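Everything below belongs to start_23.txt, which stores compact mmCIF, C-alpha atoms.
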```txt
# COMPACT_ATOMS: atom_id res chain seq x y z
CA MET A 1 109.78 79.50 109.05
CA ARG A 2 106.84 77.97 110.86
CA TRP A 3 106.91 77.91 114.62
CA ARG A 4 106.26 74.23 114.64
CA LYS A 5 104.14 72.86 117.42
CA ASP A 6 105.49 69.40 116.64
CA ALA A 7 109.17 70.38 116.70
CA ARG A 8 110.99 68.09 119.08
CA PRO A 9 112.71 69.42 122.20
CA CYS A 10 116.45 69.10 122.75
CA ILE A 11 117.17 65.47 123.39
CA GLY A 12 120.86 65.61 124.28
CA ASP A 13 121.79 62.02 123.62
CA ALA A 14 120.67 61.67 120.04
CA SER A 15 122.29 58.36 119.14
CA GLY A 16 120.10 56.54 116.71
CA VAL A 17 118.12 59.62 115.73
CA LYS A 18 116.71 59.27 112.22
CA PRO A 19 117.42 61.85 109.51
CA ALA A 20 113.70 62.40 108.93
CA ASP A 21 113.25 63.39 112.59
CA LEU A 22 116.02 65.97 112.28
CA LEU A 23 114.33 67.85 109.45
CA ASP A 24 111.63 69.20 111.76
CA MET A 25 113.94 70.00 114.66
CA PHE A 26 115.04 73.52 115.45
CA VAL A 27 118.65 74.24 114.54
CA SER A 28 119.59 75.36 118.07
CA ASP A 29 118.38 72.00 119.42
CA VAL A 30 120.41 70.12 116.82
CA LEU A 31 123.50 72.21 117.66
CA ALA A 32 123.04 71.28 121.33
CA MET A 33 122.87 67.57 120.60
CA ARG A 34 125.64 65.20 121.57
CA GLY A 35 127.98 64.75 118.63
CA ASP A 36 129.74 67.12 116.32
CA THR A 37 126.70 68.63 114.63
CA VAL A 38 128.36 72.06 114.70
CA ARG A 39 130.96 70.90 112.18
CA VAL A 40 128.25 69.73 109.76
CA PHE A 41 127.01 73.31 109.53
CA THR A 42 130.38 75.05 109.54
CA GLU A 43 131.98 72.87 106.88
CA ARG A 44 129.11 73.78 104.57
CA ARG A 45 129.81 77.44 105.31
CA MET A 46 126.39 77.74 106.94
CA GLN A 47 126.29 80.51 109.52
CA CYS A 48 123.86 78.78 111.88
CA VAL A 49 126.26 78.73 114.83
CA GLY A 50 125.73 82.06 116.55
CA CYS A 51 122.75 83.02 114.39
CA VAL A 52 120.01 84.66 116.44
CA PHE A 53 117.37 82.78 114.44
CA ALA A 54 118.80 79.32 115.20
CA PRO A 55 116.10 78.67 117.86
CA PHE A 56 113.33 79.51 115.37
CA GLU A 57 114.36 77.73 112.15
CA THR A 58 114.18 74.02 111.45
CA VAL A 59 116.86 72.00 109.66
CA ALA A 60 114.62 71.76 106.58
CA GLU A 61 114.20 75.53 106.54
CA VAL A 62 117.90 76.37 106.77
CA ALA A 63 118.62 73.84 104.03
CA ARG A 64 116.27 75.88 101.82
CA VAL A 65 117.95 79.16 102.84
CA TYR A 66 121.40 77.86 101.82
CA GLY A 67 120.19 75.91 98.79
CA ILE A 68 121.37 72.60 100.27
CA ASP A 69 119.64 69.27 99.76
CA PRO A 70 117.68 68.80 103.03
CA SER A 71 117.91 65.01 103.09
CA GLN A 72 121.70 65.06 102.63
CA LEU A 73 122.06 67.64 105.39
CA ALA A 74 119.86 65.59 107.70
CA SER A 75 121.83 62.41 106.93
CA SER A 76 125.13 64.14 107.75
CA LEU A 77 123.69 65.47 110.99
CA ALA A 78 122.36 62.06 111.95
CA ALA A 79 125.78 60.56 111.23
CA ALA A 80 127.46 63.27 113.31
CA THR A 81 125.34 62.53 116.35
CA GLY A 82 126.96 59.11 116.45
CA THR A 83 130.52 60.31 115.82
CA LEU A 84 131.45 61.05 119.41
CA SER A 85 131.17 58.46 122.13
CA GLN A 86 131.26 60.98 124.95
CA ASP A 87 129.50 64.24 125.52
CA THR A 88 132.24 66.82 124.95
CA ARG A 89 130.19 69.70 126.28
CA GLN A 90 131.34 71.06 129.60
CA MET B 91 119.83 109.40 88.69
CA THR B 92 120.30 108.64 85.00
CA ILE B 93 118.45 105.55 83.92
CA GLY B 94 120.32 103.37 81.44
CA GLU B 95 119.37 100.01 79.92
CA HIS B 96 121.65 98.23 82.40
CA THR B 97 120.40 100.10 85.48
CA THR B 98 118.68 97.45 87.57
CA VAL B 99 115.00 97.62 88.37
CA SER B 100 115.72 97.48 92.12
CA GLU B 101 118.20 100.40 91.89
CA ILE B 102 115.58 102.51 90.14
CA ALA B 103 112.90 101.51 92.66
CA SER B 104 115.26 102.38 95.55
CA THR B 105 116.35 105.79 94.35
CA MET B 106 113.08 106.81 92.69
CA PRO B 107 110.22 105.50 94.89
CA SER B 108 107.58 106.85 92.50
CA SER B 109 108.83 104.37 89.86
CA VAL B 110 107.24 101.55 91.88
CA ARG B 111 103.80 102.42 90.54
CA VAL B 112 105.11 102.35 86.97
CA PHE B 113 106.65 98.90 87.53
CA GLN B 114 103.46 97.62 89.16
CA ARG B 115 101.41 98.81 86.19
CA HIS B 116 103.52 96.63 83.87
CA GLY B 117 103.81 93.67 86.23
CA ILE B 118 107.60 94.16 86.51
CA ASP B 119 109.06 92.63 89.68
CA PHE B 120 111.05 95.27 91.57
CA CYS B 121 111.53 93.41 94.84
CA CYS B 122 112.85 89.81 95.06
CA GLY B 123 113.46 89.58 91.30
CA GLY B 124 114.48 93.21 90.84
CA ASN B 125 118.18 92.58 90.32
CA VAL B 126 117.93 92.64 86.50
CA GLY B 127 118.71 95.39 84.01
CA LEU B 128 115.77 97.53 82.94
CA ALA B 129 116.15 96.54 79.27
CA ASP B 130 115.99 92.84 80.14
CA ALA B 131 112.96 93.35 82.39
CA CYS B 132 111.21 95.28 79.58
CA ALA B 133 112.02 92.57 77.02
CA LYS B 134 110.60 89.92 79.35
CA HIS B 135 107.33 91.81 79.79
CA GLY B 136 107.07 93.12 76.20
CA VAL B 137 107.33 96.73 77.39
CA ASP B 138 108.95 99.53 75.38
CA LEU B 139 112.15 100.68 77.11
CA ASP B 140 111.98 104.35 76.08
CA GLY B 141 108.32 104.48 77.05
CA ILE B 142 108.95 103.15 80.54
CA VAL B 143 111.93 105.46 81.13
CA ALA B 144 109.71 108.41 80.17
CA ALA B 145 106.96 107.16 82.50
CA ILE B 146 109.42 106.75 85.40
CA GLU B 147 110.82 110.24 84.88
CA ALA B 148 107.34 111.74 84.63
CA ALA B 149 106.33 109.99 87.86
CA ALA B 150 109.45 111.35 89.58
CA GLU B 151 108.66 114.92 88.52
CA GLY B 152 105.21 114.75 90.04
CA LYS B 153 106.81 113.44 93.21
CA ASN B 154 104.77 113.40 96.37
CA PRO B 155 106.62 115.63 98.88
CA ASP B 156 105.82 113.12 101.64
CA GLU B 157 107.80 110.43 99.89
CA ARG B 158 111.04 110.21 101.75
CA ASP B 159 114.29 109.05 100.21
CA TRP B 160 114.84 105.87 102.20
CA THR B 161 118.35 105.44 100.85
CA VAL B 162 119.46 108.31 103.10
CA GLU B 163 116.90 108.54 105.95
CA PRO B 164 118.08 107.03 109.27
CA LEU B 165 117.43 103.29 109.44
CA HIS B 166 115.32 103.57 112.60
CA ARG B 167 112.89 105.80 110.68
CA LEU B 168 112.73 103.30 107.84
CA ILE B 169 112.05 100.53 110.38
CA ASP B 170 109.27 102.60 111.99
CA HIS B 171 107.84 103.22 108.52
CA ILE B 172 107.91 99.51 107.62
CA VAL B 173 106.28 98.47 110.91
CA GLY B 174 103.67 101.23 110.89
CA THR B 175 102.79 101.17 107.21
CA TYR B 176 103.08 97.45 106.43
CA HIS B 177 103.36 95.20 109.50
CA GLU B 178 100.56 96.67 111.61
CA PRO B 179 97.99 96.80 108.78
CA LEU B 180 98.94 93.21 107.84
CA ARG B 181 98.11 92.01 111.35
CA GLU B 182 94.61 93.37 110.90
CA GLU B 183 94.21 92.32 107.30
CA LEU B 184 95.43 88.72 107.45
CA PRO B 185 92.67 87.41 109.76
CA ARG B 186 90.07 89.21 107.62
CA LEU B 187 91.44 87.52 104.47
CA GLU B 188 91.50 84.15 106.26
CA THR B 189 87.83 84.47 107.23
CA MET B 190 86.80 85.45 103.69
CA ALA B 191 88.95 82.76 102.03
CA ALA B 192 87.46 80.07 104.28
CA LYS B 193 83.91 81.25 103.63
CA VAL B 194 84.33 81.55 99.86
CA ALA B 195 85.99 78.10 99.66
CA ARG B 196 83.19 76.55 101.73
CA VAL B 197 80.35 78.13 99.80
CA HIS B 198 81.74 78.16 96.24
CA GLY B 199 84.48 75.51 96.38
CA SER B 200 82.39 72.94 94.54
CA LYS B 201 81.76 75.35 91.66
CA ALA B 202 85.30 76.73 91.46
CA SER B 203 87.77 74.12 92.65
CA HIS B 204 90.78 76.47 92.83
CA LEU B 205 89.16 78.24 95.81
CA LYS B 206 90.27 75.42 98.13
CA ARG B 207 93.86 76.06 97.09
CA VAL B 208 93.34 79.84 97.52
CA GLU B 209 92.17 79.15 101.07
CA ALA B 210 95.18 76.92 101.81
CA ILE B 211 97.62 79.53 100.47
CA VAL B 212 95.99 82.37 102.40
CA PHE B 213 96.25 80.39 105.64
CA GLU B 214 99.86 79.40 105.00
CA LEU B 215 100.84 82.95 104.02
CA SER B 216 99.09 84.38 107.05
CA ALA B 217 100.81 82.04 109.53
CA ASP B 218 104.18 82.54 107.85
CA LEU B 219 103.94 86.31 107.72
CA ARG B 220 102.87 86.67 111.32
CA THR B 221 105.82 84.59 112.54
CA HIS B 222 108.12 86.40 110.12
CA MET B 223 107.08 89.86 111.34
CA ARG B 224 107.49 88.76 114.93
CA LYS B 225 111.06 87.63 114.25
CA GLU B 226 111.86 90.89 112.49
CA GLU B 227 110.31 93.11 115.13
CA SER B 228 111.59 91.29 118.20
CA ILE B 229 115.04 90.26 117.00
CA LEU B 230 116.32 91.61 113.69
CA PHE B 231 115.05 95.20 113.78
CA PRO B 232 116.34 95.84 117.34
CA ALA B 233 119.69 94.40 116.21
CA ILE B 234 119.75 96.80 113.23
CA ARG B 235 118.86 99.74 115.48
CA ALA B 236 121.73 98.75 117.80
CA VAL B 237 124.19 98.66 114.89
CA GLU B 238 123.00 102.09 113.79
CA ASP B 239 123.28 103.48 117.33
CA GLY B 240 126.73 101.92 117.79
CA ASP B 241 125.41 100.03 120.82
CA GLY B 242 127.96 97.21 121.17
CA ARG B 243 125.99 95.52 123.97
CA LEU B 244 123.34 94.41 121.52
CA HIS B 245 125.64 93.44 118.70
CA VAL B 246 124.58 90.34 116.79
CA PRO B 247 125.94 89.26 113.40
CA LEU B 248 123.41 90.35 110.76
CA PRO B 249 124.26 88.40 107.58
CA ALA B 250 122.73 85.05 108.55
CA PRO B 251 119.45 86.41 109.99
CA ILE B 252 119.10 88.63 106.93
CA MET B 253 119.57 85.63 104.63
CA VAL B 254 116.78 83.86 106.50
CA MET B 255 114.46 86.86 106.16
CA GLU B 256 115.23 87.17 102.43
CA ASP B 257 114.49 83.49 101.96
CA GLU B 258 111.15 83.92 103.72
CA HIS B 259 110.35 86.92 101.51
CA GLU B 260 111.07 84.80 98.46
CA TYR B 261 108.84 82.01 99.74
CA ALA B 262 105.99 84.46 100.43
CA GLY B 263 106.56 85.93 96.95
CA ALA B 264 106.20 82.47 95.42
CA LEU B 265 102.90 81.93 97.28
CA LEU B 266 101.61 85.31 96.06
CA ALA B 267 102.66 84.48 92.49
CA GLU B 268 100.77 81.20 92.71
CA LEU B 269 97.70 83.05 94.03
CA ARG B 270 97.83 85.47 91.10
CA LYS B 271 98.14 82.58 88.66
CA ILE B 272 95.34 80.40 89.97
CA THR B 273 92.95 83.34 90.33
CA ASP B 274 93.72 84.50 86.77
CA GLY B 275 95.06 87.81 88.05
CA TYR B 276 92.29 88.13 90.68
CA THR B 277 89.52 88.04 88.10
CA THR B 278 86.20 87.13 89.69
CA PRO B 279 83.52 85.27 87.71
CA ASP B 280 80.23 87.05 86.90
CA TRP B 281 78.39 85.06 89.55
CA ALA B 282 80.82 85.98 92.36
CA CYS B 283 79.25 87.21 95.57
CA MET B 284 80.35 90.25 97.52
CA THR B 285 82.67 88.28 99.82
CA PHE B 286 84.31 86.62 96.82
CA ARG B 287 84.95 90.03 95.23
CA SER B 288 86.20 91.53 98.49
CA LEU B 289 88.55 88.59 98.95
CA TYR B 290 90.12 89.08 95.51
CA ASP B 291 90.32 92.87 96.01
CA GLY B 292 91.98 92.30 99.39
CA LEU B 293 94.44 89.78 97.95
CA ALA B 294 95.37 92.11 95.08
CA GLU B 295 96.02 94.90 97.60
CA LEU B 296 98.02 92.54 99.80
CA GLU B 297 100.19 91.57 96.83
CA SER B 298 100.84 95.14 95.83
CA ALA B 299 101.69 96.26 99.40
CA MET B 300 103.89 93.19 99.91
CA HIS B 301 105.95 94.04 96.84
CA VAL B 302 106.75 97.54 98.15
CA HIS B 303 107.23 96.22 101.71
CA VAL B 304 109.71 93.52 100.61
CA HIS B 305 111.45 95.97 98.29
CA LEU B 306 112.06 98.37 101.20
CA GLU B 307 113.55 95.57 103.27
CA ASN B 308 115.53 93.58 100.65
CA ASN B 309 116.82 96.44 98.54
CA ILE B 310 117.22 99.25 101.07
CA LEU B 311 117.06 98.28 104.75
CA PHE B 312 119.10 95.07 104.63
CA PRO B 313 121.96 96.28 102.38
CA ARG B 314 122.26 99.50 104.41
CA ALA B 315 122.28 97.58 107.71
CA LEU B 316 124.90 95.14 106.38
CA ALA B 317 127.09 98.01 105.21
CA LEU B 318 127.03 99.43 108.76
CA SER B 319 127.70 96.13 110.52
CA PRO B 320 131.26 94.97 111.23
CA GLY B 321 132.65 92.36 108.86
CA HIS B 322 129.93 92.89 106.26
CA ALA B 323 132.35 92.03 103.42
CA GLU B 324 132.35 88.41 104.61
CA ARG B 325 128.82 87.84 103.43
CA GLY B 326 128.85 85.05 100.86
```
Re-express the file's structure as structure tokens.
Amino acid sequence: MRWRKDARPCIGDASGVKPADLLDMFVSDVLAMRGDTVRVFTERRMQCVGCVFAPFETVAEVARVYGIDPSQLASSLAAATGTLSQDTRQ
Amino acid sequence: MTIGEHTTVSEIASTMPSSVRVFQRHGIDFCCGGNVGLADACAKHGVDLDGIVAAIEAAAEGKNPDERDWTVEPLHRLIDHIVGTYHEPLREELPRLETMAAKVARVHGSKASHLKRVEAIVFELSADLRTHMRKEESILFPAIRAVEDGDGRLHVPLPAPIMVMEDEHEYAGALLAELRKITDGYTTPDWACMTFRSLYDGLAELESAMHVHVHLENNILFPRALALSPGHAERG
């Protein structure tokens, strides 16, 4: 819930991003990253997409909210950032 | 309402606000952990069930006429009450507690080692609560008001933000429980100075106000707001 001073800004091309880095990133930034990070949240029935608090909560924090292992969530997100070779956002 | 052994503590606290004092007297959690039957809560705390029912009913009879029934009052009034009675005083109180906790840890930390941890918890709680209140006041509460007013322009889905707020309440509750434990129920040693005593008094008051504050949000405001919002049945 902390408004982290050290939270990283949106980095768009996130290929090679490490899971540990993702834990402290805000969810909205992770959702905006290249790669299908949205699916990682939706397939776990997490309601982060469209949540008004997505810009204020880190990945570690939402893992706690949904009772999900933070390191597994971060690993899946890191894997997803490398799943698409092209930026599919318009 | 008729209180039975299976009536939950949070239901009683919601419909009979005067019961909160009775629960506080016995250390029974009526906010985050209030979703348990009264008989089970009594067994856990070694409290006589009939005795507590009698105490709750007696408290309700001597009811303060200013105590409003928040289960039926408009949500915007409940929000105003929460902000005015709990949020605003917290913004004044938290920096005061931080200053005292830092001073007491600095001066007496070598004699009572737990004071360093008290200081760390007070600072964490203070930062967390200030951010938390800001999120509620600037985002969630306006969204709840919009749902109540039927203002479709401001519609945002409520279940996920409410889950986040409930999680933060639980985290703050865990920090307060740790504070109570390490301070031995806010018992000051004989040698404690005035600041030390004021700190513990302030923390005990913070804990007690937080329990009512969180109860009003978790058990009354949030369920009522969800019931008003479209698609509330989807909440998992």
- request: Return the neighbours of chain B among the residues of chain A, cut-off 12 Å, counting all atoms listed in the file, as JSON, numbers by chain.
  value: {"A": [1, 2, 3, 4, 44, 45, 46, 47, 48, 49, 50, 51, 52, 53, 54, 55, 56, 57, 58, 61, 62, 63, 64, 65, 66, 67]}
Near-Ala150 of chain B list (12 Å; all atoms listed in the file; drop same-chain fewer than 3 positions) as a compact mmCIF listing (two decimals) with C-alpha atoms, in the coordinates of the input:
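File part28.txt, as written:
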```
# COMPACT_ATOMS: atom_id res chain seq x y z
CA MET B 91 119.83 109.40 88.69
CA ILE B 102 115.58 102.51 90.14
CA ALA B 103 112.90 101.51 92.66
CA THR B 105 116.35 105.79 94.35
CA MET B 106 113.08 106.81 92.69
CA PRO B 107 110.22 105.50 94.89
CA SER B 108 107.58 106.85 92.50
CA SER B 109 108.83 104.37 89.86
CA VAL B 110 107.24 101.55 91.88
CA ARG B 111 103.80 102.42 90.54
CA VAL B 112 105.11 102.35 86.97
CA VAL B 143 111.93 105.46 81.13
CA ALA B 144 109.71 108.41 80.17
CA ALA B 145 106.96 107.16 82.50
CA ILE B 146 109.42 106.75 85.40
CA GLU B 147 110.82 110.24 84.88
CA LYS B 153 106.81 113.44 93.21
CA ASN B 154 104.77 113.40 96.37
CA PRO B 155 106.62 115.63 98.88
CA GLU B 157 107.80 110.43 99.89
CA ASP B 159 114.29 109.05 100.21
```
What's the 8 Å shell around Glu95 of chain B, counting all atoms listed in the file, without same-chain residues fewer than 6 positions away, as a short mmCIF file (atom, residue, chain, number, x, y, z; two decimals) with C-alpha atoms, in the coordinates of the input?
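Final output, saved to out_11.cif:
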```cif
data_model
loop_
_atom_site.label_atom_id
_atom_site.label_comp_id
_atom_site.auth_asym_id
_atom_site.auth_seq_id
_atom_site.Cartn_x
_atom_site.Cartn_y
_atom_site.Cartn_z
CA GLY B 127 118.71 95.39 84.01
CA LEU B 128 115.77 97.53 82.94
CA ALA B 129 116.15 96.54 79.27
CA ASP B 130 115.99 92.84 80.14
CA LEU B 139 112.15 100.68 77.11
#
```
- prompt: How far is it from atom CA of Thr285 of chain B to atom CA of Glu183 of chain B, in Å with one decimal?
  reply: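 Answer for the atom CA of Thr285 of chain B to atom CA of Glu183 of chain B separation: 14.3 Å.
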message: Which residues are close to His135 of chain B, i.e. within 10 Å by all atoms listed in the file, leaving aside same-chain residues fewer than 6 positions away? Reply as a list in words.
response: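 Listing them by chain and then by number gives His116, Gly117 and Ile118 of chain B.
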Coordinates-based distance that separates atom CA of His177 of chain B from atom CA of Lys206 of chain B (Å, one decimal):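 The value is 26.3 Å.
You will find atom CA of Arg224 of chain B at 21.5 Å from atom CA of Thr189 of chain B.
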message: My list of candidates is A:Val17, A:Ile68, A:Thr81, A:Ser76. Which is closest to Ala32 of chain A when distances are computed with only C-alpha atoms?
response: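 Closest residue, counting only C-alpha atoms: A:Thr81.
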query: Which polymer residues have any atom within 9 Å of an atom of Val59 of chain A, counting all atoms listed in the file, with same-chain residues fewer than 4 positions away left out, as a PyMOL selection string?
result: chain A and resi 22-27+30+63-64+70+73-74
message: Quick one: residues within 12 Å of segment 313-316 of chain B, all atoms listed in the file, excluding same-chain residues fewer than 4 positions away - as JSON, numbers by chain?
response: {"B": [101, 104, 160, 161, 162, 163, 164, 165, 166, 168, 169, 230, 231, 232, 233, 234, 235, 236, 237, 238, 239, 240, 246, 247, 248, 249, 250, 251, 252, 253, 256, 305, 306, 307, 308, 309, 320, 321, 322, 323, 324, 325]}
Go ahead and dump the residues you just picked, C-alpha atoms, as a PDB file, in the coordinates of the input.
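The resulting file, again.pdb, is reproduced below:
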```
ATOM      1  CA  GLU B 101     118.200 100.400  91.890  1.00  0.00           C
ATOM      2  CA  SER B 104     115.260 102.380  95.550  1.00  0.00           C
ATOM      3  CA  TRP B 160     114.840 105.870 102.200  1.00  0.00           C
ATOM      4  CA  THR B 161     118.350 105.440 100.850  1.00  0.00           C
ATOM      5  CA  VAL B 162     119.460 108.310 103.100  1.00  0.00           C
ATOM      6  CA  GLU B 163     116.900 108.540 105.950  1.00  0.00           C
ATOM      7  CA  PRO B 164     118.080 107.030 109.270  1.00  0.00           C
ATOM      8  CA  LEU B 165     117.430 103.290 109.440  1.00  0.00           C
ATOM      9  CA  HIS B 166     115.320 103.570 112.600  1.00  0.00           C
ATOM     10  CA  LEU B 168     112.730 103.300 107.840  1.00  0.00           C
ATOM     11  CA  ILE B 169     112.050 100.530 110.380  1.00  0.00           C
ATOM     12  CA  LEU B 230     116.320  91.610 113.690  1.00  0.00           C
ATOM     13  CA  PHE B 231     115.050  95.200 113.780  1.00  0.00           C
ATOM     14  CA  PRO B 232     116.340  95.840 117.340  1.00  0.00           C
ATOM     15  CA  ALA B 233     119.690  94.400 116.210  1.00  0.00           C
ATOM     16  CA  ILE B 234     119.750  96.800 113.230  1.00  0.00           C
ATOM     17  CA  ARG B 235     118.860  99.740 115.480  1.00  0.00           C
ATOM     18  CA  ALA B 236     121.730  98.750 117.800  1.00  0.00           C
ATOM     19  CA  VAL B 237     124.190  98.660 114.890  1.00  0.00           C
ATOM     20  CA  GLU B 238     123.000 102.090 113.790  1.00  0.00           C
ATOM     21  CA  ASP B 239     123.280 103.480 117.330  1.00  0.00           C
ATOM     22  CA  GLY B 240     126.730 101.920 117.790  1.00  0.00           C
ATOM     23  CA  VAL B 246     124.580  90.340 116.790  1.00  0.00           C
ATOM     24  CA  PRO B 247     125.940  89.260 113.400  1.00  0.00           C
ATOM     25  CA  LEU B 248     123.410  90.350 110.760  1.00  0.00           C
ATOM     26  CA  PRO B 249     124.260  88.400 107.580  1.00  0.00           C
ATOM     27  CA  ALA B 250     122.730  85.050 108.550  1.00  0.00           C
ATOM     28  CA  PRO B 251     119.450  86.410 109.990  1.00  0.00           C
ATOM     29  CA  ILE B 252     119.100  88.630 106.930  1.00  0.00           C
ATOM     30  CA  MET B 253     119.570  85.630 104.630  1.00  0.00           C
ATOM     31  CA  GLU B 256     115.230  87.170 102.430  1.00  0.00           C
ATOM     32  CA  HIS B 305     111.450  95.970  98.290  1.00  0.00           C
ATOM     33  CA  LEU B 306     112.060  98.370 101.200  1.00  0.00           C
ATOM     34  CA  GLU B 307     113.550  95.570 103.270  1.00  0.00           C
ATOM     35  CA  ASN B 308     115.530  93.580 100.650  1.00  0.00           C
ATOM     36  CA  ASN B 309     116.820  96.440  98.540  1.00  0.00           C
ATOM     37  CA  PRO B 320     131.260  94.970 111.230  1.00  0.00           C
ATOM     38  CA  GLY B 321     132.650  92.360 108.860  1.00  0.00           C
ATOM     39  CA  HIS B 322     129.930  92.890 106.260  1.00  0.00           C
ATOM     40  CA  ALA B 323     132.350  92.030 103.420  1.00  0.00           C
ATOM     41  CA  GLU B 324     132.350  88.410 104.610  1.00  0.00           C
ATOM     42  CA  ARG B 325     128.820  87.840 103.430  1.00  0.00           C
TER      43      ARG B 325
END
```
Generate the coordinates of N, CA and C atoms for segment 202-213 of chain B; report them as a CSV table (one decimal), keeping the file's coordinate frame.
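For reference, part14.csv as written:
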```
chain,number,residue,atom,x,y,z
B,202,ALA,N,84.0,76.3,91.9
B,202,ALA,CA,85.3,76.7,91.5
B,202,ALA,C,86.4,76.1,92.3
B,203,SER,N,86.9,75.0,91.8
B,203,SER,CA,87.8,74.1,92.6
B,203,SER,C,89.1,74.8,93.1
B,204,HIS,N,89.5,75.8,92.4
B,204,HIS,CA,90.8,76.5,92.8
B,204,HIS,C,90.6,77.2,94.2
B,205,LEU,N,89.4,77.5,94.6
B,205,LEU,CA,89.2,78.2,95.8
B,205,LEU,C,89.7,77.5,97.1
B,206,LYS,N,89.7,76.2,97.0
B,206,LYS,CA,90.3,75.4,98.1
B,206,LYS,C,91.8,75.7,98.2
B,207,ARG,N,92.4,75.8,97.1
B,207,ARG,CA,93.9,76.1,97.1
B,207,ARG,C,94.1,77.5,97.5
B,208,VAL,N,93.2,78.4,97.1
B,208,VAL,CA,93.3,79.8,97.5
B,208,VAL,C,93.3,79.9,99.1
B,209,GLU,N,92.3,79.2,99.6
B,209,GLU,CA,92.2,79.2,101.1
B,209,GLU,C,93.4,78.6,101.7
B,210,ALA,N,94.0,77.5,101.2
B,210,ALA,CA,95.2,76.9,101.8
B,210,ALA,C,96.4,77.9,101.7
B,211,ILE,N,96.5,78.6,100.6
B,211,ILE,CA,97.6,79.5,100.5
B,211,ILE,C,97.4,80.7,101.4
B,212,VAL,N,96.2,81.2,101.5
B,212,VAL,CA,96.0,82.4,102.4
B,212,VAL,C,96.3,82.0,103.8
B,213,PHE,N,95.9,80.8,104.3
B,213,PHE,CA,96.2,80.4,105.6
B,213,PHE,C,97.7,80.2,105.9
```
